[in-house]
file structure_16.txt (compact mmCIF, C-alpha atoms)
# COMPACT_ATOMS: atom_id res chain seq x y z
CA MET K 1 0.00 0.00 0.00
CA SER K 2 2.83 2.37 0.89
CA THR K 3 4.54 1.62 -2.42
CA LEU K 4 1.29 2.28 -4.32
CA LEU K 5 0.82 5.65 -2.59
CA LYS K 6 4.38 6.67 -3.40
CA THR K 7 3.82 5.71 -7.05
CA LEU K 8 0.56 7.66 -7.24
CA SER K 9 2.20 10.68 -5.55
CA ALA K 10 5.12 10.66 -8.00
CA THR K 11 2.70 10.37 -10.92
CA ALA K 12 0.71 13.35 -9.64
CA VAL K 13 3.87 15.46 -9.35
CA ILE K 14 4.94 14.58 -12.90
CA PHE K 15 1.42 15.34 -14.22
CA THR K 16 1.42 18.70 -12.41
CA ILE K 17 4.80 19.63 -13.88
CA LEU K 18 3.69 18.67 -17.40
CA LEU K 19 0.44 20.61 -17.00
CA SER K 20 2.32 23.68 -15.74
CA CYS K 21 4.74 23.52 -18.68
CA SER K 22 1.91 23.28 -21.20
CA VAL K 23 0.14 26.28 -19.64
CA VAL K 24 3.33 28.38 -19.68
CA SER K 25 3.98 27.39 -23.28
CA PHE K 26 0.44 28.32 -24.31
CA ALA K 27 0.63 31.68 -22.51
CA ALA K 28 3.90 32.51 -24.27
CA GLU K 29 2.41 31.74 -27.68
CA ALA K 30 -0.80 33.64 -26.99
CA ASN K 31 1.02 36.87 -26.12
CA PRO K 32 3.60 37.79 -28.80
CA HIS K 33 4.31 41.16 -27.23
CA PRO K 34 7.04 41.82 -24.66
CA LYS K 35 6.19 42.20 -21.00
CA ILE K 36 6.56 45.98 -21.16
CA TYR K 37 3.10 46.45 -22.71
CA ASP K 38 -0.21 46.34 -20.85
CA SER K 39 -2.21 45.50 -23.96
CA CYS K 40 -1.95 45.65 -27.73
CA LYS K 41 -4.67 46.13 -30.32
CA LYS K 42 -3.97 44.68 -33.75
CA MET K 43 -4.37 47.20 -36.58
CA THR K 44 -3.85 46.96 -40.35
CA ASP K 45 -0.46 47.16 -42.09
CA ASN K 46 1.18 44.75 -39.57
CA ARG K 47 0.71 47.33 -36.83
CA SER K 48 -0.28 47.00 -33.22
CA ARG K 49 -1.16 49.96 -31.03
CA CYS K 50 0.13 49.22 -27.55
CA THR K 51 -0.42 50.68 -24.10
CA LEU K 52 2.73 50.88 -22.02
CA ASP K 53 2.91 49.00 -18.74
CA LYS K 54 4.15 51.87 -16.56
CA ALA K 55 4.97 49.72 -13.53
CA THR K 56 7.12 47.24 -15.45
CA ASN K 57 8.69 49.85 -17.68
CA ALA K 58 9.52 52.10 -14.74
CA ALA K 59 11.42 49.23 -13.14
CA ARG K 60 13.75 49.26 -16.13
CA ILE K 61 15.18 52.60 -14.96
CA LYS K 62 17.04 51.61 -11.81
CA GLY K 63 17.89 55.17 -10.83
CA TYR K 64 19.22 58.40 -12.26
CA SER K 65 21.25 61.45 -11.29
CA CYS K 66 21.38 64.90 -12.88
CA LYS K 67 23.96 67.65 -12.91
CA GLY K 68 23.34 70.83 -14.86
CA ASP K 69 21.98 70.05 -18.32
CA THR K 70 22.88 66.34 -18.25
CA CYS K 71 21.36 63.30 -16.53
CA ILE K 72 22.73 59.77 -16.24
CA LEU K 73 20.10 57.01 -16.17
CA ASN K 74 20.84 53.42 -15.20
CA TYR K 75 18.87 51.41 -17.72
CA ASP K 76 18.10 47.68 -17.63
CA PRO K 77 17.49 46.51 -21.24
CA MET K 78 15.71 43.37 -19.96
CA GLU K 79 17.69 41.17 -22.35
CA LYS K 80 18.48 38.53 -19.73
CA PRO K 81 16.07 37.75 -16.87
CA GLY K 82 17.79 38.36 -13.54
CA ASP K 83 20.73 40.15 -15.13
CA THR K 84 21.94 42.96 -12.88
CA ASP K 85 24.14 44.67 -15.46
CA TYR K 86 22.83 48.12 -16.34
CA VAL K 87 23.42 50.31 -19.37
CA LYS K 88 24.05 54.02 -18.93
CA LEU K 89 21.79 56.35 -20.87
CA TYR K 90 22.39 60.09 -21.00
CA GLY K 91 19.69 62.74 -20.90
CA PHE K 92 20.39 66.15 -22.39
CA ASN K 93 18.88 69.60 -22.15
CA ASN K 94 19.81 72.55 -24.39
CA MET K 95 21.75 70.50 -26.95
CA PRO K 96 20.94 70.30 -30.70
CA TYR K 97 20.22 66.80 -32.00
CA ALA K 98 19.04 64.90 -35.06
CA LEU K 99 15.61 63.30 -34.67
CA CYS K 100 15.14 60.18 -36.82
CA SER K 101 12.20 58.59 -35.01
CA LYS K 102 9.75 59.08 -37.91
CA SER K 103 12.19 58.77 -40.80
CA GLU K 104 11.60 56.48 -43.77
CA CYS K 105 15.08 55.57 -44.95
CA THR K 106 16.56 54.31 -48.22
CA ILE K 107 18.71 51.17 -48.23
CA ASP K 108 22.23 52.11 -49.30
CA LYS K 109 22.95 50.38 -52.62
CA ARG K 110 26.70 50.53 -51.97
CA ASN K 111 26.34 49.03 -48.51
CA PRO K 112 23.09 47.04 -48.04
CA LYS K 113 23.83 46.76 -44.31
CA LYS K 114 23.19 50.49 -43.92
CA ALA K 115 20.27 52.81 -44.61
CA ILE K 116 20.46 56.50 -45.48
CA CYS K 117 18.04 58.58 -43.40
CA ASN K 118 17.10 62.23 -43.63
CA CYS K 119 16.49 63.40 -40.08
CA PRO K 120 15.40 66.91 -39.04
CA ILE K 121 17.81 68.82 -36.81
CA VAL K 122 16.21 70.06 -33.61
CA ASP K 123 17.78 73.15 -32.05
CA ARG K 124 15.18 74.52 -29.66
CA ARG K 125 15.38 76.08 -26.23
CA ASP K 126 11.86 75.40 -24.97
CA VAL K 127 11.41 72.95 -22.10
CA ILE K 128 10.17 70.15 -24.37
CA GLY K 129 12.03 70.52 -27.66
CA SER K 130 15.48 70.91 -26.10
CA ILE K 131 15.33 67.57 -24.22
CA SER K 132 16.64 64.31 -25.69
CA LEU K 133 18.04 60.93 -24.68
CA GLY K 134 21.28 59.36 -25.96
CA MET K 135 23.80 56.59 -25.42
CA ASN K 136 26.99 58.63 -25.12
CA THR K 137 28.26 61.40 -22.85
CA ARG K 138 27.42 65.00 -23.57
CA LYS K 139 31.00 65.65 -24.69
CA LYS K 140 30.80 62.88 -27.31
CA SER K 141 27.28 63.86 -28.37
CA LEU K 142 27.79 67.59 -28.91
CA PRO K 143 27.64 68.84 -32.54
CA LYS K 144 30.91 69.48 -34.39
CA TYR K 145 31.60 72.73 -36.25
CA ASP K 146 34.04 73.75 -38.97
CA GLY K 147 36.41 76.73 -38.86
CA LYS K 148 33.65 79.04 -40.11
CA GLY K 149 31.26 78.06 -37.33
CA ASN K 150 29.04 75.91 -39.53
CA MET K 151 27.67 72.72 -37.97
CA VAL K 152 29.03 69.70 -39.85
CA LYS K 153 28.31 66.73 -37.51
CA ILE K 154 25.39 66.03 -35.20
CA THR K 155 24.29 63.05 -33.10
CA SER K 156 20.95 61.29 -33.50
CA THR K 157 19.23 61.04 -30.11
CA PHE K 158 15.66 60.30 -29.06
CA SER K 159 12.81 62.56 -28.05
CA ALA K 160 9.04 62.27 -28.39
CA ILE K 161 8.26 65.74 -29.73
CA ASN K 162 7.20 64.45 -33.15
CA ILE K 163 5.32 61.39 -31.88
CA PHE K 164 2.58 62.92 -29.75
CA ASP K 165 1.55 65.98 -27.77
CA ILE K 166 3.82 65.66 -24.73
CA LYS K 167 1.70 67.62 -22.26
CA LYS K 168 -1.50 65.72 -23.12
CA LYS K 169 -0.13 62.17 -23.35
CA LEU K 170 2.91 61.98 -21.10
CA LYS K 171 0.89 60.49 -18.25
CA LYS K 172 -0.84 58.00 -20.51
CA LEU K 173 2.10 56.81 -22.66
CA ASP K 174 -0.14 54.90 -25.06
CA ASP K 175 0.82 56.12 -28.53
CA ILE K 176 3.19 53.28 -29.39
CA THR K 177 3.21 51.62 -32.79
CA VAL K 178 4.66 48.11 -32.75
CA CYS K 179 5.36 46.41 -36.10
CA ASN K 180 4.82 42.65 -36.00
CA TYR K 181 5.74 40.11 -38.67
CA ASP K 182 5.67 36.32 -38.97
CA GLN K 183 9.32 36.36 -40.05
CA GLU K 184 12.23 38.66 -39.33
CA HIS K 185 11.79 42.03 -41.03
CA SER K 186 14.27 44.84 -41.70
CA TYR K 187 14.34 48.20 -39.95
CA THR K 188 17.12 50.67 -39.23
CA ASP K 189 18.28 51.88 -35.82
CA CYS K 190 19.72 55.41 -35.81
CA PHE K 191 20.01 55.77 -32.03
CA ALA K 192 23.36 57.46 -31.17
CA VAL K 193 24.56 57.55 -34.80
CA VAL K 194 26.77 60.53 -35.69
CA CYS K 195 25.30 62.17 -38.81
CA ASP K 196 26.49 64.62 -41.45
CA VAL K 197 24.73 67.96 -41.67
CA ASP K 198 23.26 68.37 -45.15
CA ARG K 199 25.36 70.94 -47.06
CA GLU K 200 22.30 72.07 -49.00
CA ASN K 201 19.97 72.21 -46.01
CA ALA K 202 21.36 73.13 -42.60
CA LEU K 203 18.15 71.92 -40.93
CA ASN K 204 18.58 68.34 -42.19
CA ALA K 205 20.97 65.61 -41.06
CA ILE K 206 22.01 62.74 -43.31
CA CYS K 207 22.40 59.68 -41.10
CA ARG K 208 23.80 56.33 -42.22
CA CYS K 209 22.27 53.84 -39.82
CA PRO K 210 22.73 50.08 -39.39
CA ILE K 211 19.97 47.83 -40.68
CA LYS K 212 18.65 45.29 -38.19
CA ARG K 213 16.15 42.45 -38.44
CA ASN K 214 13.51 41.35 -35.97
CA LYS K 215 9.96 40.01 -35.91
CA SER K 216 8.86 42.92 -33.73
CA PHE K 217 10.07 46.50 -33.38
CA VAL K 218 8.77 49.96 -32.45
CA VAL K 219 8.51 52.87 -34.88
CA GLY K 220 7.74 56.52 -34.20
CA GLY K 221 5.21 56.89 -37.01
CA HIS K 222 1.97 55.04 -37.66
CA LYS K 223 3.01 52.81 -40.57
CA CYS K 224 4.97 49.57 -40.83
CA ASN K 225 5.03 48.52 -44.49
CA THR K 226 7.38 50.21 -46.95
CA SER K 227 8.56 49.70 -50.52
CA PRO K 228 11.37 47.09 -50.96
CA ASP K 229 14.14 49.71 -51.08
CA LYS K 230 12.91 51.52 -47.94
CA VAL K 231 12.99 50.82 -44.19
CA PHE K 232 11.56 52.68 -41.24
CA CYS K 233 13.72 53.93 -38.41
CA GLY K 234 12.85 51.92 -35.31
CA VAL K 235 14.15 50.21 -32.21
CA ASP K 236 13.87 46.74 -30.67
CA THR K 237 10.74 46.44 -28.53
CA SER K 238 12.76 45.33 -25.47
CA GLN K 239 14.87 48.50 -25.62
CA TYR K 240 12.25 51.15 -26.30
CA GLN K 241 12.81 53.96 -23.81
CA LEU K 242 9.72 56.14 -23.56
CA GLU K 243 9.82 55.91 -19.77
CA GLY K 244 13.40 57.21 -19.76
CA ILE K 245 12.53 60.26 -21.83
CA SER K 246 9.48 60.92 -19.65
CA ILE K 247 11.82 61.19 -16.63
CA LEU K 248 13.77 63.89 -18.46
CA TYR K 249 10.62 65.80 -19.39
CA LYS K 250 9.58 65.78 -15.74
CA HIS K 251 13.03 66.74 -14.45
CA PHE K 252 13.93 69.50 -16.90
CA GLY K 253 10.45 70.60 -17.91
CA GLY K 254 8.51 70.07 -14.72
CA LEU K 255 5.80 68.19 -16.64

call {"tool": "encode", "arguments": {"input": "structure_16.txt", "output": "structure tokens"}}
result
Amino acid sequence: MSTLLKTLSATAVIFTILLSCSVVSFAAEANPHPKIYDSCKKMTDNRSRCTLDKATNAARIKGYSCKGDTCILNYDPMEKPGDTDYVKLYGFNNMPYALCSKSECTIDKRNPKKAICNCPIVDRRDVIGSISLGMNTRKKSLPKYDGKGNMVKITSTFSAINIFDIKKKLKKLDDITVCNYDQEHSYTDCFAVVCDVDRENALNAICRCPIKRNKSFVVGGHKCNTSPDKVFCGVDTSQYQLEGISILYKHFGGL
């Protein structure tokens, strides 16, 4: 009798484990979106409109410190569960930057691993337009000028000024377009790329950005599909940093 009970107990444990595994597997397949989103509504054109999970996303910023016009944010990219290694992000105020978040870029025929993007140069001093987020120190990110004082190089950083009305939607953080595909799809990531200032248009930066591939990525506009020779500027869904930029808007702008 004792042996029979032990056998039944062991069988129950194995059955429970198998049942748990099947439930976890099903849950993973049913939700193709990363943990950082509360919910996603499927749209046309391979798009999903997602609402940001503020609690989870906020946990990705493990702390920040500010001095003058620069902040340092300790950012957890959530690439490895339980990983305690953080990435430093830098927040800037009163520094010109190239803004590629809504750019549709052309694949470089000479180098198919790169895309050529035209990105507007933002040089504003208001509390919203002057704030951006980058990957390098302020010294490395500052624009470069020639002997005549003309800007010749500028860094592509991130802000949300061309994505939505900051004052109205900063608390909600729900204007996120996620592009989803059955197979890996190309996009280009211009974050922290050093760009050339267009000689014919001083308000435009020409950025040569690496092309990446993923089944899911975030774009700043509201479209996902492009012509074969074009790609949208985007970022991996696990590294999207709207919460980081919102900290800067609150710190520098008091929003």

call {"tool": "atom_distance", "arguments": {"input": "structure_16.txt", "atom1": "atom CA of K:Asn180", "atom2": "atom CA of K:Phe232"}}
result
13.2 Å

call {"tool": "closest_residue", "arguments": {"input": "structure_16.txt", "among": "K:Ile107, K:Cys71, K:Val197, K:Ala160", "to": "K:Asn136", "atoms": "all atoms listed in the file"}}
result
K:Cys71

call {"tool": "atom_distance", "arguments": {"input": "structure_16.txt", "atom1": "atom CA of K:Lys144", "atom2": "atom CA of K:Val127"}}
result
23.3 Å

call {"tool": "closest_atom_pairs", "arguments": {"input": "structure_16.txt", "of": "stretch 137-213 of chain K", "to": "stretch 86-104 of chain K", "cutoff": "9 Å", "atoms": "only C-alpha atoms", "output": "Markdown table"}}
result
| residue | atom | partner | partner_atom | distance |
| --- | --- | --- | --- | --- |
| K:Thr137 | CA | K:Tyr90 | CA | 6.3 |
| K:Arg138 | CA | K:Phe92 | CA | 7.2 |
| K:Ser141 | CA | K:Tyr97 | CA | 8.5 |
| K:Leu142 | CA | K:Met95 | CA | 7.0 |
| K:Pro143 | CA | K:Pro96 | CA | 7.1 |
| K:Ile154 | CA | K:Tyr97 | CA | 6.1 |
| K:Thr155 | CA | K:Tyr97 | CA | 5.6 |
| K:Ser156 | CA | K:Ala98 | CA | 4.4 |
| K:Thr157 | CA | K:Tyr97 | CA | 6.1 |
| K:Phe158 | CA | K:Leu99 | CA | 6.4 |
| K:Ser159 | CA | K:Leu99 | CA | 7.2 |
| K:Ala160 | CA | K:Ser101 | CA | 8.2 |
| K:Asn162 | CA | K:Lys102 | CA | 7.6 |
| K:Ile163 | CA | K:Lys102 | CA | 7.8 |
| K:Asp189 | CA | K:Cys100 | CA | 8.9 |
| K:Cys190 | CA | K:Cys100 | CA | 6.7 |
| K:Phe191 | CA | K:Cys100 | CA | 8.1 |
| K:Val194 | CA | K:Ala98 | CA | 8.9 |
| K:Cys195 | CA | K:Ala98 | CA | 7.8 |
| K:Asn204 | CA | K:Ala98 | CA | 7.9 |
| K:Ala205 | CA | K:Ala98 | CA | 6.3 |
| K:Cys207 | CA | K:Cys100 | CA | 8.4 |

call {"tool": "atom_distance", "arguments": {"input": "structure_16.txt", "atom1": "atom CA of K:Val218", "atom2": "atom CA of K:Gly244"}}
result
15.3 Å

call {"tool": "closest_residue", "arguments": {"input": "structure_16.txt", "among": "K:Asn214, K:Met135, K:Ser39, K:Asp126", "to": "K:Gln183", "atoms": "only C-alpha atoms"}}
result
K:Asn214

call {"tool": "residues_around", "arguments": {"input": "structure_16.txt", "residues": "K:Lys41", "least_positions_apart": "6", "cutoff": "10 Å", "atoms": "all atoms listed in the file", "output": "list in words"}}
result
Arg47, Ser48, Arg49, Cys50, Thr51, Thr177 and Val178 of chain K

call {"tool": "write_last_selection", "arguments": {"input": "structure_16.txt", "atoms": "C-alpha atoms", "output": "compact mmCIF listing (two decimals), in the coordinates of the input"}}
result
# COMPACT_ATOMS: atom_id res chain seq x y z
CA ARG K 47 0.71 47.33 -36.83
CA SER K 48 -0.28 47.00 -33.22
CA ARG K 49 -1.16 49.96 -31.03
CA CYS K 50 0.13 49.22 -27.55
CA THR K 51 -0.42 50.68 -24.10
CA THR K 177 3.21 51.62 -32.79
CA VAL K 178 4.66 48.11 -32.75
